[in-house]
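So this one's protein.txt, compact mmCIF, C-alpha atoms:
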```txt
# COMPACT_ATOMS: atom_id res chain seq x y z
CA MET A 1 66.43 -25.08 51.79
CA SER A 2 67.92 -25.64 48.33
CA THR A 3 66.20 -27.30 45.41
CA PRO A 4 67.69 -29.45 42.69
CA ASN A 5 68.50 -27.68 39.43
CA ASN A 6 66.39 -30.03 37.36
CA VAL A 7 63.20 -29.39 39.44
CA SER A 8 61.28 -26.09 39.05
CA VAL A 9 59.43 -24.62 41.99
CA LEU A 10 56.52 -23.54 39.76
CA SER A 11 56.16 -26.85 37.97
CA PRO A 12 52.55 -28.10 37.83
CA VAL A 13 51.38 -30.86 40.13
CA PRO A 14 50.91 -34.08 38.20
CA PRO A 15 47.25 -35.25 37.98
CA ARG A 16 46.05 -37.94 40.30
CA ALA A 17 45.71 -41.42 38.96
CA PRO A 18 42.11 -42.58 38.64
CA VAL A 19 40.85 -44.80 41.43
CA PRO A 20 39.91 -48.25 40.14
CA GLY A 21 36.17 -48.92 40.21
CA VAL A 22 35.16 -45.25 40.58
CA GLN A 23 33.60 -43.60 37.54
CA LYS A 24 34.12 -39.89 37.02
CA ARG A 25 30.95 -37.82 37.29
CA THR A 26 30.02 -35.35 34.62
CA PRO A 27 28.04 -32.22 35.54
CA ARG A 28 24.41 -32.33 34.54
CA ARG A 29 22.87 -29.57 32.46
CA LYS A 30 19.97 -27.87 34.15
CA LEU A 31 16.69 -27.73 32.30
CA GLY A 32 15.66 -24.32 31.14
CA VAL A 33 19.16 -22.79 31.35
CA THR A 34 19.86 -22.66 27.65
CA SER A 35 17.79 -20.42 25.47
CA ASN A 36 17.03 -23.03 22.85
CA THR A 37 15.06 -25.33 25.15
CA THR A 38 11.30 -25.12 25.69
CA ILE A 39 10.89 -28.03 28.10
CA GLY A 40 8.36 -27.19 30.85
CA ARG A 41 7.46 -23.81 29.39
CA ARG A 42 3.98 -22.92 28.14
CA PRO A 43 3.62 -20.80 25.01
CA ARG A 44 2.87 -17.17 25.88
CA TRP A 45 -0.24 -16.98 23.71
CA ARG A 46 -1.88 -19.82 25.63
CA THR A 47 -1.28 -18.05 28.93
CA ILE A 48 -2.70 -14.79 27.58
CA LEU A 49 -5.74 -16.61 26.17
CA ALA A 50 -6.38 -18.42 29.46
CA TYR A 51 -6.21 -15.24 31.56
CA THR A 52 -8.39 -13.39 29.07
CA GLY A 53 -11.06 -16.07 29.26
CA LEU A 54 -10.94 -16.13 33.07
CA SER A 55 -11.21 -12.34 33.20
CA LEU A 56 -14.27 -12.32 30.92
CA ALA A 57 -15.95 -15.11 32.89
CA SER A 58 -15.28 -13.27 36.18
CA PHE A 59 -16.68 -10.04 34.76
CA VAL A 60 -19.87 -11.76 33.58
CA ALA A 61 -20.31 -13.40 36.99
CA VAL A 62 -19.61 -10.30 39.09
CA PHE A 63 -21.34 -7.62 36.97
CA PRO A 64 -24.97 -8.43 38.06
CA PHE A 65 -23.94 -8.21 41.72
CA PHE A 66 -22.10 -4.93 41.06
CA TRP A 67 -25.11 -3.50 39.20
CA ALA A 68 -27.48 -4.48 42.02
CA LEU A 69 -25.16 -2.80 44.52
CA LEU A 70 -25.15 0.42 42.48
CA THR A 71 -28.94 0.32 42.15
CA SER A 72 -29.39 -0.09 45.90
CA ILE A 73 -27.24 2.92 46.85
CA LYS A 74 -28.29 5.34 44.08
CA PRO A 75 -30.91 8.05 44.63
CA TYR A 76 -34.27 7.03 43.26
CA THR A 77 -34.12 9.65 40.49
CA ASP A 78 -30.80 8.25 39.24
CA ALA A 79 -31.43 4.53 39.70
CA PHE A 80 -33.47 3.85 36.55
CA VAL A 81 -32.44 6.55 34.08
CA SER A 82 -30.97 5.73 30.69
CA PRO A 83 -28.09 6.13 30.00
CA PRO A 84 -26.91 5.13 33.50
CA VAL A 85 -25.60 7.76 35.89
CA TRP A 86 -22.16 6.94 37.24
CA THR A 87 -21.60 10.04 39.38
CA PHE A 88 -23.94 10.24 42.35
CA THR A 89 -24.06 10.57 46.13
CA PRO A 90 -24.48 7.12 47.75
CA GLN A 91 -27.53 6.66 49.95
CA ILE A 92 -28.77 3.89 52.22
CA THR A 93 -32.45 4.80 52.00
CA ALA A 94 -33.35 1.47 50.40
CA TYR A 95 -31.68 -0.46 53.22
CA GLU A 96 -33.43 1.61 55.88
CA GLN A 97 -36.83 1.04 54.26
CA LEU A 98 -36.09 -2.66 53.88
CA TRP A 99 -35.14 -3.03 57.54
CA TYR A 100 -37.77 -0.84 59.19
CA ALA A 101 -40.75 -0.92 56.78
CA THR A 102 -40.78 -4.64 55.87
CA GLU A 103 -40.46 -7.99 57.63
CA PHE A 104 -36.99 -8.61 56.25
CA ALA A 105 -35.50 -9.24 59.71
CA SER A 106 -38.04 -11.90 60.70
CA PHE A 107 -37.72 -13.68 57.36
CA GLY A 108 -33.95 -13.55 57.73
CA VAL A 109 -34.21 -15.22 61.12
CA ASN A 110 -36.44 -17.91 59.58
CA THR A 111 -33.86 -18.52 56.86
CA ILE A 112 -30.92 -18.83 59.26
CA VAL A 113 -32.79 -21.10 61.69
CA VAL A 114 -34.02 -23.41 58.94
CA ALA A 115 -30.58 -23.61 57.29
CA VAL A 116 -28.69 -24.30 60.55
CA VAL A 117 -31.11 -26.99 61.76
CA THR A 118 -31.05 -28.56 58.29
CA VAL A 119 -27.25 -28.78 58.45
CA ILE A 120 -27.30 -30.36 61.93
CA ILE A 121 -29.86 -33.02 61.02
CA SER A 122 -28.25 -33.73 57.64
CA LEU A 123 -24.85 -34.35 59.21
CA ALA A 124 -26.30 -36.39 62.09
CA VAL A 125 -28.10 -38.68 59.64
CA GLY A 126 -25.70 -38.55 56.72
CA ALA A 127 -22.42 -39.24 58.55
CA PRO A 128 -23.32 -42.75 59.86
CA ALA A 129 -24.96 -43.65 56.55
CA ALA A 130 -21.94 -42.48 54.53
CA TYR A 131 -19.55 -44.34 56.85
CA ALA A 132 -21.51 -47.56 56.49
CA LEU A 133 -21.62 -47.24 52.70
CA SER A 134 -17.87 -46.60 52.55
CA ARG A 135 -16.98 -49.61 54.69
CA PHE A 136 -19.38 -52.31 53.46
CA ASP A 137 -18.81 -52.97 49.78
CA SER A 138 -21.78 -54.87 48.44
CA ARG A 139 -24.45 -54.64 45.78
CA ILE A 140 -26.87 -53.23 48.32
CA SER A 141 -24.52 -50.32 49.08
CA LEU A 142 -24.08 -49.63 45.38
CA TRP A 143 -27.83 -49.66 44.74
CA LEU A 144 -28.47 -47.38 47.69
CA LEU A 145 -25.97 -44.85 46.33
CA VAL A 146 -27.54 -45.04 42.89
CA LEU A 147 -31.05 -44.57 44.32
CA ALA A 148 -29.86 -41.59 46.35
CA LEU A 149 -28.38 -40.04 43.22
CA VAL A 150 -31.59 -40.66 41.26
CA PHE A 151 -33.69 -39.09 44.01
CA ARG A 152 -31.39 -36.04 44.07
CA SER A 153 -31.71 -35.69 40.29
CA LEU A 154 -35.51 -35.67 40.26
CA PRO A 155 -37.23 -32.37 39.41
CA ARG A 156 -38.24 -30.34 42.42
CA PHE A 157 -41.95 -30.47 41.56
CA VAL A 158 -41.92 -34.27 41.73
CA VAL A 159 -40.58 -34.12 45.29
CA VAL A 160 -42.28 -31.05 46.73
CA LEU A 161 -45.88 -31.91 45.83
CA PRO A 162 -45.95 -35.05 48.06
CA PHE A 163 -44.50 -32.95 50.88
CA TYR A 164 -47.29 -30.44 50.38
CA SER A 165 -49.89 -33.19 50.80
CA ILE A 166 -48.12 -34.51 53.91
CA ALA A 167 -47.97 -31.01 55.40
CA GLN A 168 -51.69 -30.47 54.85
CA ALA A 169 -52.56 -33.88 56.29
CA LEU A 170 -50.41 -33.43 59.42
CA ASN A 171 -51.43 -29.78 59.86
CA ILE A 172 -47.83 -28.57 59.75
CA TYR A 173 -48.10 -26.46 56.62
CA ASP A 174 -46.29 -23.09 56.78
CA THR A 175 -44.08 -24.19 59.67
CA GLN A 176 -40.33 -24.33 60.04
CA LEU A 177 -40.59 -28.02 60.96
CA MET A 178 -42.07 -29.02 57.61
CA LEU A 179 -39.59 -26.88 55.72
CA ILE A 180 -36.66 -28.46 57.57
CA ILE A 181 -37.96 -31.98 56.89
CA ALA A 182 -38.29 -31.27 53.18
CA LEU A 183 -34.86 -29.65 52.89
CA VAL A 184 -33.17 -32.49 54.77
CA ALA A 185 -34.85 -35.08 52.56
CA VAL A 186 -33.89 -33.28 49.35
CA ASN A 187 -30.27 -32.50 50.30
CA GLN A 188 -29.52 -35.75 52.16
CA PRO A 189 -28.35 -37.71 49.07
CA PHE A 190 -25.79 -35.00 48.26
CA THR A 191 -24.53 -35.03 51.85
CA ILE A 192 -24.20 -38.83 51.85
CA TRP A 193 -22.31 -38.88 48.56
CA LEU A 194 -19.92 -36.16 49.70
CA LEU A 195 -19.22 -37.69 53.10
CA ARG A 196 -18.88 -41.16 51.63
CA ASN A 197 -15.89 -39.97 49.56
CA PHE A 198 -14.20 -38.55 52.66
CA PHE A 199 -14.74 -41.71 54.71
CA ALA A 200 -13.50 -43.87 51.83
CA GLU A 201 -10.16 -42.02 51.87
CA LEU A 202 -9.54 -43.02 55.50
CA PRO A 203 -7.73 -46.39 55.75
CA ARG A 204 -9.74 -49.27 57.15
CA GLU A 205 -6.80 -50.25 59.35
CA LEU A 206 -7.85 -47.44 61.69
CA ASP A 207 -11.15 -49.20 62.35
CA GLU A 208 -9.41 -52.52 62.90
CA ALA A 209 -6.85 -51.01 65.28
CA ALA A 210 -9.59 -49.35 67.32
CA GLN A 211 -11.55 -52.60 67.54
CA ILE A 212 -8.42 -54.46 68.64
CA ASP A 213 -8.04 -51.92 71.45
CA GLY A 214 -11.55 -52.73 72.64
CA CYS A 215 -13.80 -50.30 70.75
CA SER A 216 -16.97 -51.44 69.10
CA ARG A 217 -17.78 -50.51 65.52
CA LEU A 218 -19.79 -47.54 66.74
CA GLY A 219 -17.08 -46.58 69.23
CA ALA A 220 -14.41 -46.66 66.52
CA PHE A 221 -16.59 -44.46 64.34
CA ARG A 222 -17.22 -41.95 67.13
CA ARG A 223 -13.75 -41.81 68.69
CA VAL A 224 -11.41 -42.38 65.73
CA ILE A 225 -13.12 -41.80 62.40
CA MET A 226 -15.21 -38.73 63.23
CA PRO A 227 -12.26 -36.60 64.51
CA LEU A 228 -10.26 -37.46 61.38
CA ALA A 229 -13.22 -36.65 59.12
CA GLY A 230 -13.60 -33.15 60.57
CA PRO A 231 -12.71 -31.34 57.31
CA GLY A 232 -15.18 -33.50 55.42
CA LEU A 233 -17.96 -32.72 57.90
CA VAL A 234 -17.22 -28.99 57.64
CA THR A 235 -17.30 -29.20 53.84
CA ALA A 236 -20.59 -31.09 53.78
CA GLY A 237 -22.08 -28.68 56.31
CA ILE A 238 -21.10 -25.65 54.24
CA PHE A 239 -22.55 -27.07 51.04
CA THR A 240 -25.76 -28.08 52.80
CA PHE A 241 -26.08 -24.63 54.37
CA LEU A 242 -25.64 -22.91 50.99
CA LEU A 243 -28.18 -25.19 49.34
CA ALA A 244 -30.71 -24.62 52.11
CA ILE A 245 -30.34 -20.85 52.27
CA GLN A 246 -30.71 -20.44 48.50
CA GLU A 247 -33.62 -22.85 47.98
CA TYR A 248 -36.69 -21.21 46.46
CA LEU A 249 -39.20 -23.74 45.12
CA ILE A 250 -39.60 -25.77 48.32
CA PRO A 251 -40.21 -22.73 50.58
CA VAL A 252 -42.58 -21.10 48.10
CA VAL A 253 -44.76 -24.23 48.04
CA LEU A 254 -44.56 -25.22 51.72
CA THR A 255 -44.79 -21.75 53.29
CA GLN A 256 -47.17 -18.85 53.07
CA GLN A 257 -46.55 -16.31 55.83
CA TYR A 258 -44.96 -17.51 59.08
CA ALA A 259 -42.08 -19.69 57.81
CA THR A 260 -41.25 -17.75 54.65
CA THR A 261 -37.56 -17.48 53.78
CA LEU A 262 -35.65 -14.58 52.24
CA SER A 263 -35.62 -16.07 48.74
CA VAL A 264 -39.43 -16.17 48.68
CA PHE A 265 -39.64 -12.73 50.29
CA ILE A 266 -37.39 -11.17 47.64
CA ALA A 267 -39.26 -12.86 44.80
CA SER A 268 -42.57 -11.51 46.11
CA PHE A 269 -41.43 -7.96 45.31
CA GLY A 270 -41.04 -8.86 41.65
CA ILE A 271 -44.79 -9.35 41.28
CA ALA A 272 -45.46 -5.67 41.89
CA GLU A 273 -45.19 -3.20 39.01
CA ASP A 274 -43.99 -0.31 41.18
CA THR A 275 -40.43 0.57 40.16
CA ALA A 276 -39.80 1.98 43.63
CA LEU A 277 -39.68 -1.60 44.92
CA TYR A 278 -36.81 -2.49 42.61
CA GLN A 279 -34.36 -0.71 44.89
CA LEU A 280 -35.67 -2.77 47.79
CA ILE A 281 -35.16 -5.92 45.71
CA ALA A 282 -31.58 -4.88 44.97
CA ALA A 283 -30.89 -4.08 48.64
CA ALA A 284 -32.39 -7.37 49.82
CA SER A 285 -30.38 -9.30 47.25
CA ILE A 286 -27.17 -7.67 48.43
CA LEU A 287 -27.93 -8.40 52.08
CA LEU A 288 -28.69 -12.02 51.23
CA ALA A 289 -25.57 -12.43 49.10
CA LEU A 290 -23.06 -10.83 51.49
CA PRO A 291 -23.13 -13.64 54.13
CA ILE A 292 -22.87 -16.25 51.39
CA ILE A 293 -19.87 -14.48 49.83
CA ALA A 294 -18.20 -14.11 53.22
CA LEU A 295 -18.76 -17.79 53.98
CA ALA A 296 -17.38 -18.79 50.57
CA PHE A 297 -14.19 -16.76 51.10
CA PHE A 298 -13.77 -18.07 54.65
CA ALA A 299 -14.26 -21.72 53.70
CA GLN A 300 -12.90 -21.76 50.14
CA ARG A 301 -10.35 -24.44 51.05
CA PHE A 302 -13.13 -26.76 52.24
CA LEU A 303 -15.27 -25.99 49.18
CA VAL A 304 -12.44 -26.88 46.80
CA THR A 305 -11.79 -30.06 48.78
CA GLY A 306 -15.46 -31.00 48.49
CA LEU A 307 -15.54 -30.38 44.76
CA THR A 308 -12.40 -32.45 44.13
CA GLY A 309 -13.00 -35.09 46.82
CA GLY A 310 -12.96 -38.61 45.44
CA ALA A 311 -11.50 -37.54 42.09
CA ILE A 312 -8.48 -39.83 42.61
CA LYS A 313 -9.69 -42.16 45.31
CA GLY A 314 -13.11 -42.87 46.61
```
What does this structure look like when you write it as C-alpha cells?
Amino acid sequence: MSTPNNVSVLSPVPPRAPVPGVQKRTPRRKLGVTSNTTIGRRPRWRTILAYTGLSLASFVAVFPFFWALLTSIKPYTDAFVSPPVWTFTPQITAYEQLWYATEFASFGVNTIVVAVVTVIISLAVGAPAAYALSRFDSRISLWLLVLALVFRSLPRFVVVLPFYSIAQALNIYDTQLMLIIALVAVNQPFTIWLLRNFFAELPRELDEAAQIDGCSRLGAFRRVIMPLAGPGLVTAGIFTFLLAIQEYLIPVVLTQQYATTLSVFIASFGIAEDTALYQLIAAASILLALPIIALAFFAQRFLVTGLTGGAIKG
C-alpha cells in the first residue's frame, strides 16, 4: 500500500480535542513523599522520650516482683547477704515448706471460693440494677449512681466496722458467708457503674423491637440485652474477682482462723522477726501473683475495654 508523499509514516498522532464539560484531572501529591514535609510525623526526640519513660515505669513496676522471685529460689545463705549474690543454684525449698508445713492450700481454697461467689452474686445483682439505671433517665437514677459512688469512696474502716458488729450479732463471724456479703456490698457500686456504661452503649431500639415481638421488659433484658452485653459482664467479673482476691482490710477484720484469705495469711508472716520466714513470704507472694498475672494477660482486651468504657458514650 503506497502513502502520499506529503504524509510521513512516523508523524505524531495529533492530540485529542478536549471533551466539553469534562475537566482534566491533575495527579495528587502523596503526603510524606517529599523530604521537606513533616505532616503526620512525630519528632524523634519525643518518641525516644516516651519509650524511655515507659521503660523506666515498667522497670519500677516489675522489679519488686523480680526481686521476690529471686529471694524465693535462692539458698537461705545467699538470700539476705549484702551485696546481693547473682550467681546461685535455684532451689524450691521455700515453696515446699510453704505447701507442706503451712496452711497455704486451705487459705488458697478460701480465697478462690470467696472471690468466685462474690463475682457471681455481684453480677446477678449488679446487671439488672445497671440495666435499669441505663434505661430510665431520671433524677432518682442520677442520685442512686452518685450515692453508689460516694459509698465506694468511703474509707474501708467506715464500712468494715458495721459489718463486724453485724457478724458478731448474727454469729457468723469468721465465716465465708460474712466475708462474701461484705465484699459484695463494697464492690457492688463499682460493678454497677461499669455495667451501666456497657448497657448505655446498646441502642434502646433493641428493647423496643423485642417488646414488639412479644417479650416483656424482663424477657427483652434476658434474651436480647444480656447476650449482647457478654463482654461487659466478663469485664466486670474480672475486675470484681481481682478486687476480691486482693482485699486485705475486710478479711483481716472479719476473719480469724477458718475463713482467712491469702492476703491475711501472707501479712501474718511479717509480724515475726525470724528472717527465715521472709523466703516463705516471697514464695507465697509469687504464688498469689501468678494467677493474677495470668488472668490479666488472658483478659487484657476486656480490662482495657472496662477502663475506657463510657469515655465517648455512656
Dump as a tab-separated table the rows for residues of region 24-140 of chain A within 9 Å of region 190-194 of chain A: closest atom pair and distance in Å with one decimal, all atoms listed in the file counted, ordered by chain and rising residue number.
```
residue	atom	partner	partner_atom	distance
A:Ser122	CA	A:Thr191	CA	7.0
A:Leu123	CA	A:Thr191	CA	7.4
A:Val125	CA	A:Ile192	CA	8.7
A:Gly126	CA	A:Ile192	CA	5.1
A:Ala127	CA	A:Ile192	CA	6.9
A:Pro128	CA	A:Ile192	CA	9.0
A:Ala129	CA	A:Ile192	CA	6.8
A:Ala130	CA	A:Ile192	CA	5.1
A:Tyr131	CA	A:Ile192	CA	8.8
A:Leu133	CA	A:Ile192	CA	8.8
```
Shell of 8 Å around region 253-259 of chain A, all atoms listed in the file, local chain residues under 5 positions omitted, as a list in words: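 The filter keeps Phe107, Asn110, Val160, Phe163, Tyr164, Ala167, Tyr173, Asp174, Thr175, Gln176, Met178 and Leu179 of chain A.
Put simply, CA of Val184 (chain A) is 5.7 Å away from CA of Thr118 (chain A).
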Counting all atoms listed in the file, the residue of A:Gln91, A:Gln211, A:Ser216, A:Thr71 that sits nearest Ala284 (chain A):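 Smallest separation from Ala284 (chain A) among the options: A:Thr71.
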Computed interatomic separation between CA of Tyr278 (chain A) and CA of Phe63 (chain A) (Å): 17.2 Å
Residues within 12 Å of (-14.1, -49.3, 60.7), file coords, all atoms listed in the file, listed as a PyMOL selection string: chain A and resi 128+131-136+199-200+202-212+215-226
Among listed residues A:Leu288, A:Ala244, A:Leu249, A:Val116, nearest Val158 (chain A) (using only C-alpha atoms):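 Going through A:Leu288, A:Ala244, A:Leu249, A:Val116 one by one, the smallest distance to Val158 (chain A) is for A:Leu249.
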One-decimal distance in Å that lies between CA of Ala79 (chain A) and CA of Val62 (chain A):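 Straight-line distance from CA of Val62 (chain A) to CA of Ala79 (chain A) works out to 19.0 Å.
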Closest of A:Val60, A:Leu69, A:Ala267, A:Leu195 to Leu290 (chain A) - atom-to-atom distances counting only C-alpha atoms: A:Leu69
Best match for closeness to Leu149 (chain A) among A:Leu170, A:Leu287, A:Pro162, A:Gln188, counting all atoms listed in the file: A:Gln188
Nearest candidate to Ile92 (chain A) (options A:Leu177, A:Val113, A:Ile266, A:Leu70; using all atoms listed in the file):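 Under the stated criterion, the closest residue is A:Leu70.
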Contact residues around Leu243 (chain A) with all atoms listed in the file at 9 Å, ignoring same-chain residues under 5 positions, as an MDAnalysis selection string: chainID A and resid 115 183 187 238
Nearby residues (all atoms listed in the file) at most 12 Å from Ala289 (chain A), same-chain spacing under 6 positions excluded, as a list of chain:residue names: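 Within the cut-off, the hits are A:Val62, A:Pro64, A:Phe65, A:Phe66, A:Ala68, A:Leu69, A:Leu242, A:Ile245, A:Gln246, A:Leu262, A:Ser263, A:Ile266, A:Ala282, A:Ala283, A:Leu295, A:Ala296.
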